[in-house]
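Trainee: So I've got this file, my_file34.cif, and it contains mmCIF, C-alpha atoms:
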data_input
loop_
_atom_site.label_atom_id
_atom_site.label_comp_id
_atom_site.auth_asym_id
_atom_site.auth_seq_id
_atom_site.Cartn_x
_atom_site.Cartn_y
_atom_site.Cartn_z
CA MET A 1 88.94 83.90 72.40
CA LYS A 2 88.70 87.07 74.49
CA PRO A 3 86.91 86.72 77.85
CA THR A 4 83.57 88.44 78.23
CA GLY A 5 83.87 91.97 79.63
CA ALA A 6 87.60 92.16 78.92
CA GLN A 7 88.86 95.08 76.86
CA SER A 8 91.99 95.28 74.80
CA PRO A 9 94.38 98.25 74.99
CA ARG A 10 93.13 99.27 71.57
CA ASP A 11 89.69 99.84 73.08
CA HIS A 12 91.13 102.56 75.40
CA ALA A 13 92.98 104.41 72.63
CA ASP A 14 91.85 107.96 71.76
CA PRO A 15 89.52 108.14 68.80
CA VAL A 16 91.25 109.01 65.55
CA ASP A 17 89.83 111.77 63.35
CA LEU A 18 89.31 110.11 60.01
CA ASN A 19 88.77 113.51 58.26
CA PRO A 20 92.22 114.96 57.45
CA ALA A 21 90.71 118.08 55.88
CA ALA A 22 88.84 118.92 59.08
CA ALA A 23 91.97 118.38 61.14
CA THR A 24 94.00 120.62 58.86
CA ALA A 25 91.35 123.33 58.93
CA SER A 26 91.22 123.14 62.71
CA ALA A 27 94.99 123.46 62.94
CA ASN A 28 95.06 126.37 60.51
CA GLY A 29 92.23 128.11 62.33
CA GLY A 30 93.99 127.68 65.63
CA SER A 31 97.26 129.03 64.30
CA ALA A 32 95.44 132.00 62.74
CA ARG A 33 93.72 132.76 66.04
CA SER A 34 97.06 132.43 67.76
CA ARG A 35 98.67 134.89 65.35
CA LYS A 36 95.77 137.29 65.69
CA SER A 37 95.79 137.16 69.47
CA GLY A 38 99.57 137.48 69.50
CA ARG A 39 99.62 140.63 67.37
CA ARG A 40 100.84 143.53 69.42
CA VAL A 41 99.26 146.94 69.44
CA ASN A 42 101.43 149.50 67.67
CA ALA A 43 102.26 151.76 70.61
CA SER A 44 104.03 154.38 68.48
CA MET A 45 101.01 154.90 66.27
CA VAL A 46 98.58 155.02 69.20
CA ILE A 47 100.63 157.55 71.18
CA GLY A 48 101.42 159.61 68.09
CA ALA A 49 97.78 159.67 66.98
CA GLY A 50 96.73 160.73 70.48
CA LEU A 51 99.14 163.66 70.50
CA VAL A 52 98.10 164.71 66.99
CA VAL A 53 94.43 164.57 68.01
CA LEU A 54 95.24 166.78 71.00
CA ILE A 55 96.85 169.46 68.81
CA VAL A 56 94.04 169.28 66.24
CA ALA A 57 91.44 169.51 69.03
CA LEU A 58 93.12 172.65 70.41
CA ALA A 59 92.99 174.28 66.99
CA LEU A 60 89.37 173.31 66.31
CA VAL A 61 88.12 174.38 69.73
CA SER A 62 89.84 177.77 69.33
CA PHE A 63 87.54 178.54 66.39
CA VAL A 64 84.46 178.40 68.61
CA TRP A 65 85.81 179.16 72.10
CA THR A 66 88.86 180.60 73.82
CA PRO A 67 89.18 181.76 77.44
CA TYR A 68 89.87 185.33 76.28
CA ASP A 69 90.21 187.36 73.12
CA ALA A 70 93.60 186.56 71.62
CA ASN A 71 94.42 190.26 71.12
CA ALA A 72 92.91 191.53 74.39
CA ILE A 73 95.59 193.51 76.27
CA ASP A 74 95.31 193.95 80.05
CA PRO A 75 98.34 195.83 81.47
CA ALA A 76 97.10 195.26 85.02
CA ALA A 77 97.32 191.47 84.52
CA ARG A 78 100.74 191.31 82.84
CA LEU A 79 103.24 188.58 83.75
CA GLN A 80 100.92 186.73 86.11
CA ASN A 81 101.60 183.15 87.14
CA GLY A 82 99.13 180.34 86.53
CA SER A 83 95.78 180.75 88.28
CA LEU A 84 92.14 179.80 87.86
CA ALA A 85 91.58 182.92 85.76
CA HIS A 86 94.70 182.28 83.65
CA PRO A 87 95.76 178.61 83.89
CA PHE A 88 98.96 179.19 81.86
CA GLY A 89 99.54 182.71 83.16
CA THR A 90 99.79 185.91 81.10
CA ASP A 91 102.50 187.45 78.92
CA THR A 92 104.18 190.82 79.01
CA PHE A 93 101.10 192.52 77.51
CA GLY A 94 98.64 190.83 79.86
CA ARG A 95 97.36 188.46 77.17
CA ASP A 96 96.18 185.01 78.25
CA THR A 97 98.86 182.43 77.42
CA LEU A 98 96.40 179.53 77.12
CA THR A 99 94.44 181.49 74.52
CA TRP A 100 97.60 182.13 72.54
CA VAL A 101 98.58 178.47 72.70
CA MET A 102 95.17 177.43 71.38
CA VAL A 103 95.06 179.99 68.56
CA GLY A 104 98.72 179.34 67.76
CA ALA A 105 97.84 175.70 67.04
CA ARG A 106 95.83 176.94 64.05
CA ILE A 107 98.89 178.53 62.44
CA THR A 108 100.99 175.45 63.14
CA LEU A 109 98.50 173.13 61.46
CA LEU A 110 97.82 175.56 58.62
CA VAL A 111 101.50 175.85 57.76
CA GLY A 112 101.92 172.08 58.04
CA VAL A 113 98.93 171.24 55.82
CA VAL A 114 99.81 173.76 53.11
CA ALA A 115 103.55 173.01 53.14
CA VAL A 116 103.06 169.23 53.07
CA GLY A 117 100.38 169.63 50.39
CA ILE A 118 102.77 171.62 48.18
CA ALA A 119 105.56 169.09 48.66
CA LEU A 120 103.28 166.08 48.11
CA LEU A 121 101.54 167.40 44.99
CA ILE A 122 104.81 168.43 43.35
CA GLY A 123 107.36 165.97 44.73
CA THR A 124 105.35 162.75 44.25
CA PRO A 125 104.69 163.21 40.50
CA ILE A 126 108.32 164.23 39.99
CA GLY A 127 109.50 161.00 41.66
CA ILE A 128 107.11 158.84 39.65
CA ILE A 129 108.03 160.48 36.34
CA SER A 130 111.73 160.16 37.11
CA ALA A 131 111.36 156.43 37.85
CA LEU A 132 109.33 155.87 34.67
CA PHE A 133 112.07 157.49 32.59
CA ALA A 134 114.72 155.46 34.42
CA LYS A 135 113.10 152.25 33.14
CA GLN A 136 113.43 153.39 29.52
CA PRO A 137 116.80 153.00 27.76
CA TRP A 138 116.38 156.41 26.13
CA GLY A 139 115.20 158.10 29.31
CA ILE A 140 118.03 157.39 31.76
CA TRP A 141 119.59 160.80 31.15
CA ILE A 142 116.24 162.50 31.82
CA ASP A 143 116.03 160.66 35.14
CA SER A 144 119.56 161.83 35.97
CA VAL A 145 118.71 165.46 35.16
CA ILE A 146 115.56 165.36 37.29
CA MET A 147 117.29 163.84 40.30
CA ARG A 148 120.31 166.18 40.06
CA ALA A 149 117.90 169.12 40.04
CA ASN A 150 116.25 167.53 43.05
CA ASP A 151 119.64 167.36 44.79
CA ILE A 152 120.27 171.04 44.05
CA LEU A 153 116.91 171.93 45.60
CA LEU A 154 117.85 169.82 48.60
CA ALA A 155 120.77 172.20 49.22
CA PHE A 156 118.32 175.05 49.91
CA PRO A 157 116.86 174.65 53.42
CA ALA A 158 113.57 176.24 54.42
CA LEU A 159 115.34 179.01 56.35
CA LEU A 160 117.35 180.12 53.32
CA LEU A 161 114.28 180.01 51.08
CA ALA A 162 112.30 182.01 53.64
CA ILE A 163 115.03 184.67 53.72
CA ILE A 164 114.92 184.86 49.91
CA PHE A 165 111.14 185.17 49.90
CA ALA A 166 111.27 187.76 52.70
CA ALA A 167 113.68 189.82 50.58
CA VAL A 168 111.34 189.67 47.58
CA TYR A 169 108.05 189.78 49.46
CA SER A 170 107.27 190.86 52.99
CA PRO A 171 107.73 188.26 55.78
CA GLY A 172 104.56 186.43 56.71
CA THR A 173 102.76 183.13 57.03
CA GLY A 174 102.25 182.74 53.27
CA PRO A 175 105.91 183.00 52.23
CA ALA A 176 106.85 180.76 55.17
CA MET A 177 104.42 178.05 54.02
CA VAL A 178 105.75 178.18 50.46
CA ALA A 179 109.36 178.08 51.65
CA VAL A 180 108.76 175.07 53.90
CA GLY A 181 106.79 173.31 51.14
CA ILE A 182 109.49 173.81 48.51
CA ALA A 183 112.17 172.63 50.92
CA ALA A 184 110.19 169.39 51.51
CA ILE A 185 109.77 168.53 47.80
CA PRO A 186 113.05 166.54 47.46
CA GLY A 187 112.04 164.15 50.24
CA PHE A 188 108.77 163.24 48.54
CA ALA A 189 110.47 162.93 45.14
CA ARG A 190 113.06 160.50 46.49
CA VAL A 191 110.48 158.37 48.30
CA ALA A 192 108.14 158.27 45.29
CA ARG A 193 110.98 157.38 42.91
CA SER A 194 112.24 154.57 45.13
CA GLY A 195 108.77 153.10 45.59
CA THR A 196 107.94 153.40 41.89
CA LEU A 197 111.11 151.56 40.86
CA GLN A 198 110.15 148.70 43.18
CA VAL A 199 106.63 148.51 41.77
CA LEU A 200 107.82 148.66 38.15
CA GLY A 201 109.94 145.57 38.77
CA THR A 202 106.98 143.40 39.78
CA GLU A 203 105.46 140.70 37.59
CA TYR A 204 102.00 142.27 37.32
CA VAL A 205 103.46 145.55 36.00
CA ARG A 206 105.53 143.61 33.46
CA ALA A 207 102.38 141.82 32.40
CA ALA A 208 100.55 145.13 32.06
CA ARG A 209 103.34 146.54 29.91
CA ALA A 210 103.42 143.37 27.81
CA SER A 211 99.70 143.85 27.13
CA ASN A 212 100.47 147.34 25.75
CA ARG A 213 98.85 149.21 28.61
CA ARG A 214 99.78 152.88 28.52
CA ILE A 215 102.32 154.29 30.97
CA PRO A 216 99.86 156.80 32.53
CA ALA A 217 97.42 153.96 33.18
CA ILE A 218 100.15 151.86 34.81
CA ALA A 219 101.12 154.80 37.00
CA ALA A 220 97.53 155.43 38.07
CA VAL A 221 96.39 151.83 38.54
CA HIS A 222 99.52 150.08 39.80
CA VAL A 223 102.07 152.62 41.02
CA LEU A 224 100.05 155.13 43.02
CA PRO A 225 98.11 152.61 45.14
CA ASN A 226 101.29 150.70 45.98
CA ILE A 227 103.38 153.72 47.00
CA ALA A 228 100.54 155.44 48.88
CA GLY A 229 101.71 154.01 52.21
CA MET A 230 105.25 155.31 51.72
CA VAL A 231 103.97 158.75 50.75
CA ILE A 232 101.68 158.91 53.79
CA VAL A 233 104.58 158.08 56.10
CA GLN A 234 106.70 160.76 54.43
CA ALA A 235 103.85 163.25 54.84
CA SER A 236 103.67 162.57 58.58
CA VAL A 237 107.42 163.06 58.99
CA ALA A 238 107.35 166.19 56.80
CA PHE A 239 104.54 167.58 58.95
CA ALA A 240 106.76 167.32 62.03
CA ILE A 241 109.56 169.12 60.18
CA SER A 242 107.09 171.81 59.10
CA VAL A 243 106.08 172.44 62.71
CA LEU A 244 109.71 173.01 63.67
CA ALA A 245 110.37 175.12 60.57
CA GLU A 246 107.37 177.37 61.19
CA ALA A 247 108.35 177.88 64.82
CA GLY A 248 111.93 178.68 63.82
CA LEU A 249 110.92 181.12 61.09
CA SER A 250 108.46 182.90 63.40
CA PHE A 251 111.13 183.04 66.11
CA LEU A 252 113.45 184.80 63.66
CA GLY A 253 110.74 187.17 62.48
CA LEU A 254 110.43 185.60 59.02
CA GLY A 255 107.18 183.74 59.65
CA THR A 256 103.89 184.72 61.24
CA GLN A 257 103.81 188.42 62.10
CA ALA A 258 102.14 190.28 64.96
CA PRO A 259 99.41 190.38 66.12
CA THR A 260 98.64 186.82 64.90
CA PRO A 261 99.45 184.27 67.64
CA SER A 262 102.26 181.85 66.87
CA TRP A 263 104.19 179.44 69.05
CA GLY A 264 107.47 180.60 67.53
CA ARG A 265 106.68 184.27 68.24
CA MET A 266 105.73 183.37 71.80
CA LEU A 267 109.21 181.91 72.26
CA GLN A 268 110.80 184.99 70.73
CA GLU A 269 108.88 187.38 72.98
CA SER A 270 109.75 185.37 76.11
CA GLN A 271 113.54 185.63 75.69
CA GLN A 272 114.05 188.63 77.94
CA TYR A 273 111.95 187.08 80.73
CA LEU A 274 113.55 183.62 80.87
CA SER A 275 115.23 184.29 84.21
CA THR A 276 112.12 185.69 85.92
CA HIS A 277 109.19 184.07 84.08
CA PRO A 278 110.41 180.87 82.37
CA GLU A 279 106.83 179.65 81.98
CA LEU A 280 106.42 182.11 79.09
CA ALA A 281 108.76 179.91 77.06
CA LEU A 282 107.72 176.66 78.72
CA TRP A 283 104.20 176.38 77.33
CA PRO A 284 104.87 177.10 73.63
CA GLY A 285 108.00 174.92 73.84
CA VAL A 286 106.01 172.05 75.34
CA PHE A 287 103.35 172.16 72.63
CA ILE A 288 105.92 172.43 69.85
CA ALA A 289 107.64 169.36 71.29
CA LEU A 290 104.32 167.49 71.61
CA ALA A 291 103.36 168.28 68.02
CA VAL A 292 106.73 167.19 66.63
CA LEU A 293 106.78 164.06 68.79
CA GLY A 294 103.21 163.20 67.83
CA PHE A 295 103.76 163.40 64.08
CA ASN A 296 107.09 161.56 64.30
CA LEU A 297 105.61 158.72 66.35
CA LEU A 298 102.61 158.57 64.02
CA GLY A 299 104.98 158.32 61.06
CA ASP A 300 106.94 155.51 62.73
CA GLY A 301 103.74 153.64 63.50
CA LEU A 302 102.42 154.05 59.96
CA ARG A 303 105.74 152.88 58.56
CA ASP A 304 105.58 149.70 60.64
CA ARG A 305 101.97 149.17 59.61
CA PHE A 306 102.61 149.62 55.89
CA ASP A 307 105.91 147.68 55.88
CA PRO A 308 105.21 144.16 54.55
CA LYS A 309 108.18 142.76 56.44
CA MET A 310 106.87 144.10 59.73
CA GLU A 311 103.42 142.79 58.85
CA ALA A 312 104.87 139.34 58.13
CA ARG A 313 106.54 139.31 61.53
CA GLY A 314 103.22 140.15 63.16
CA ALA A 315 104.31 143.62 64.29
#
What is this structure when it is put down as structure tokens?
Mentor:
Amino acid sequence: MKPTGAQSPRDHADPVDLNPAAATASANGGSARSRKSGRRVNASMVIGAGLVVLIVALALVSFVWTPYDANAIDPAARLQNGSLAHPFGTDTFGRDTLTWVMVGARITLLVGVVAVGIALLIGTPIGIISALFAKQPWGIWIDSVIMRANDILLAFPALLLAIIFAAVYSPGTGPAMVAVGIAAIPGFARVARSGTLQVLGTEYVRAARASNRRIPAIAAVHVLPNIAGMVIVQASVAFAISVLAEAGLSFLGLGTQAPTPSWGRMLQESQQYLSTHPELALWPGVFIALAVLGFNLLGDGLRDRFDPKMEARGA
């Protein structure tokens, strides 16, 4: 018989939760909160998006305001260093460099949007169609023909296509956009084909085909939504390449023509003043680098975000 007021060790034990479901839910909730709090911010995507927003903001603001008229020539103010009146200085014709940088952002984005749009709208369907034929016993040779034609197109860089177009038509922004867009088609076709082959091997697509669903419906309902992330990443990378291509073509005189402002033409016009006024090449070079870096970092960040393996690791 236990003495009055005495307590056994069992009386001091921690209370036991007799509801296993509640304990499991609590543990799962805690681990989910832990994973959520432990998820790192994607620095590449944040920095890349910030740089892209900066370039887009420059272009949009230039439509409503610029420090000076882009084509205003002031011989008395030529080759001035940075000042309150001209923060980035002036060029050999006395034009405000900041104004040219802002207006030049329009051409850069215009060429990028049109070129990437051409490549995306042509290359993505080509890749999907090629993959669909590759899954048919009678269509393997069609897939081979499509991809070999894609490889041949890959051998023609944007510069060579721009030279061809300049020989047939006059050099300008339009031919440059088409040349860059055509040169980017093989990249989208390869990405779309690879993604489509992965999707076609999944169980839900096999079930859809077993239920006699038409191929166009499978492509629209199952393929396109699942490869959209890959295509978006490719578009961001292709945009960075388009920025470089446009600057290079304008530098060589095959792209945007005078008097339209262009970062590539600014670099070309600054060549003879590099030893005395290097800032003429500095500012367009800096913004070309920022645009390319921004779209590349944005593409890397989007790739990590859309990659299931990175998502599973909590990236």
Trainee: Given the file shown, determine the residues that the PyMOL selection byres ((chain A and resi 267) around 8) selects; report them as a ChimeraX atom specification.
Mentor: /A:251,263-266,268-271,280-281,284-285
Trainee: How would the residues just picked look written out with C-alpha atoms as a short mmCIF file (atom, residue, chain, number, x, y, z; two decimals), keeping the file's coordinate frame?
Mentor:
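Result went into part.cif, see below:
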data_model
loop_
_atom_site.label_atom_id
_atom_site.label_comp_id
_atom_site.auth_asym_id
_atom_site.auth_seq_id
_atom_site.Cartn_x
_atom_site.Cartn_y
_atom_site.Cartn_z
CA PHE A 251 111.13 183.04 66.11
CA TRP A 263 104.19 179.44 69.05
CA GLY A 264 107.47 180.60 67.53
CA ARG A 265 106.68 184.27 68.24
CA MET A 266 105.73 183.37 71.80
CA GLN A 268 110.80 184.99 70.73
CA GLU A 269 108.88 187.38 72.98
CA SER A 270 109.75 185.37 76.11
CA GLN A 271 113.54 185.63 75.69
CA LEU A 280 106.42 182.11 79.09
CA ALA A 281 108.76 179.91 77.06
CA PRO A 284 104.87 177.10 73.63
CA GLY A 285 108.00 174.92 73.84
#
Trainee: Could you list, as JSON, numbers by chain, every residue within 7 Å of segment 225-237 of chain A, counting only C-alpha atoms and ignoring same-chain residues fewer than 3 positions away?
Mentor: {"A": [116, 188, 191, 192, 195, 196, 221, 222, 240, 241, 295, 296, 298, 299, 302, 303, 306]}
Trainee: Under the rule that only C-alpha atoms are counted, which of A:Leu109, A:Leu224, A:Ile215, A:Val64 is the nearest residue to Pro125 of chain A?
Mentor: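 Selected residue with least distance to Pro125 of chain A: A:Leu224.
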Trainee: Let me know the residues the PyMOL selection byres ((chain A and resi 253) around 10) catches in the file above, as a PDB file with C-alpha atoms, keeping the file's coordinate frame.
Mentor:
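Final output, saved to result_32.pdb:
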ATOM      1  CA  ALA A 166     111.270 187.760  52.700  1.00  0.00           C
ATOM      2  CA  PRO A 171     107.730 188.260  55.780  1.00  0.00           C
ATOM      3  CA  GLY A 172     104.560 186.430  56.710  1.00  0.00           C
ATOM      4  CA  ALA A 247     108.350 177.880  64.820  1.00  0.00           C
ATOM      5  CA  GLY A 248     111.930 178.680  63.820  1.00  0.00           C
ATOM      6  CA  LEU A 249     110.920 181.120  61.090  1.00  0.00           C
ATOM      7  CA  SER A 250     108.460 182.900  63.400  1.00  0.00           C
ATOM      8  CA  PHE A 251     111.130 183.040  66.110  1.00  0.00           C
ATOM      9  CA  LEU A 252     113.450 184.800  63.660  1.00  0.00           C
ATOM     10  CA  LEU A 254     110.430 185.600  59.020  1.00  0.00           C
ATOM     11  CA  GLY A 255     107.180 183.740  59.650  1.00  0.00           C
ATOM     12  CA  THR A 256     103.890 184.720  61.240  1.00  0.00           C
ATOM     13  CA  GLN A 257     103.810 188.420  62.100  1.00  0.00           C
ATOM     14  CA  ALA A 258     102.140 190.280  64.960  1.00  0.00           C
ATOM     15  CA  GLY A 264     107.470 180.600  67.530  1.00  0.00           C
ATOM     16  CA  ARG A 265     106.680 184.270  68.240  1.00  0.00           C
ATOM     17  CA  GLN A 268     110.800 184.990  70.730  1.00  0.00           C
TER      18      GLN A 268
END
Trainee: Mind pulling up the distance from atom CA of Ala208 of chain A to atom CA of Ala131 of chain A?
Mentor: 16.7 Å
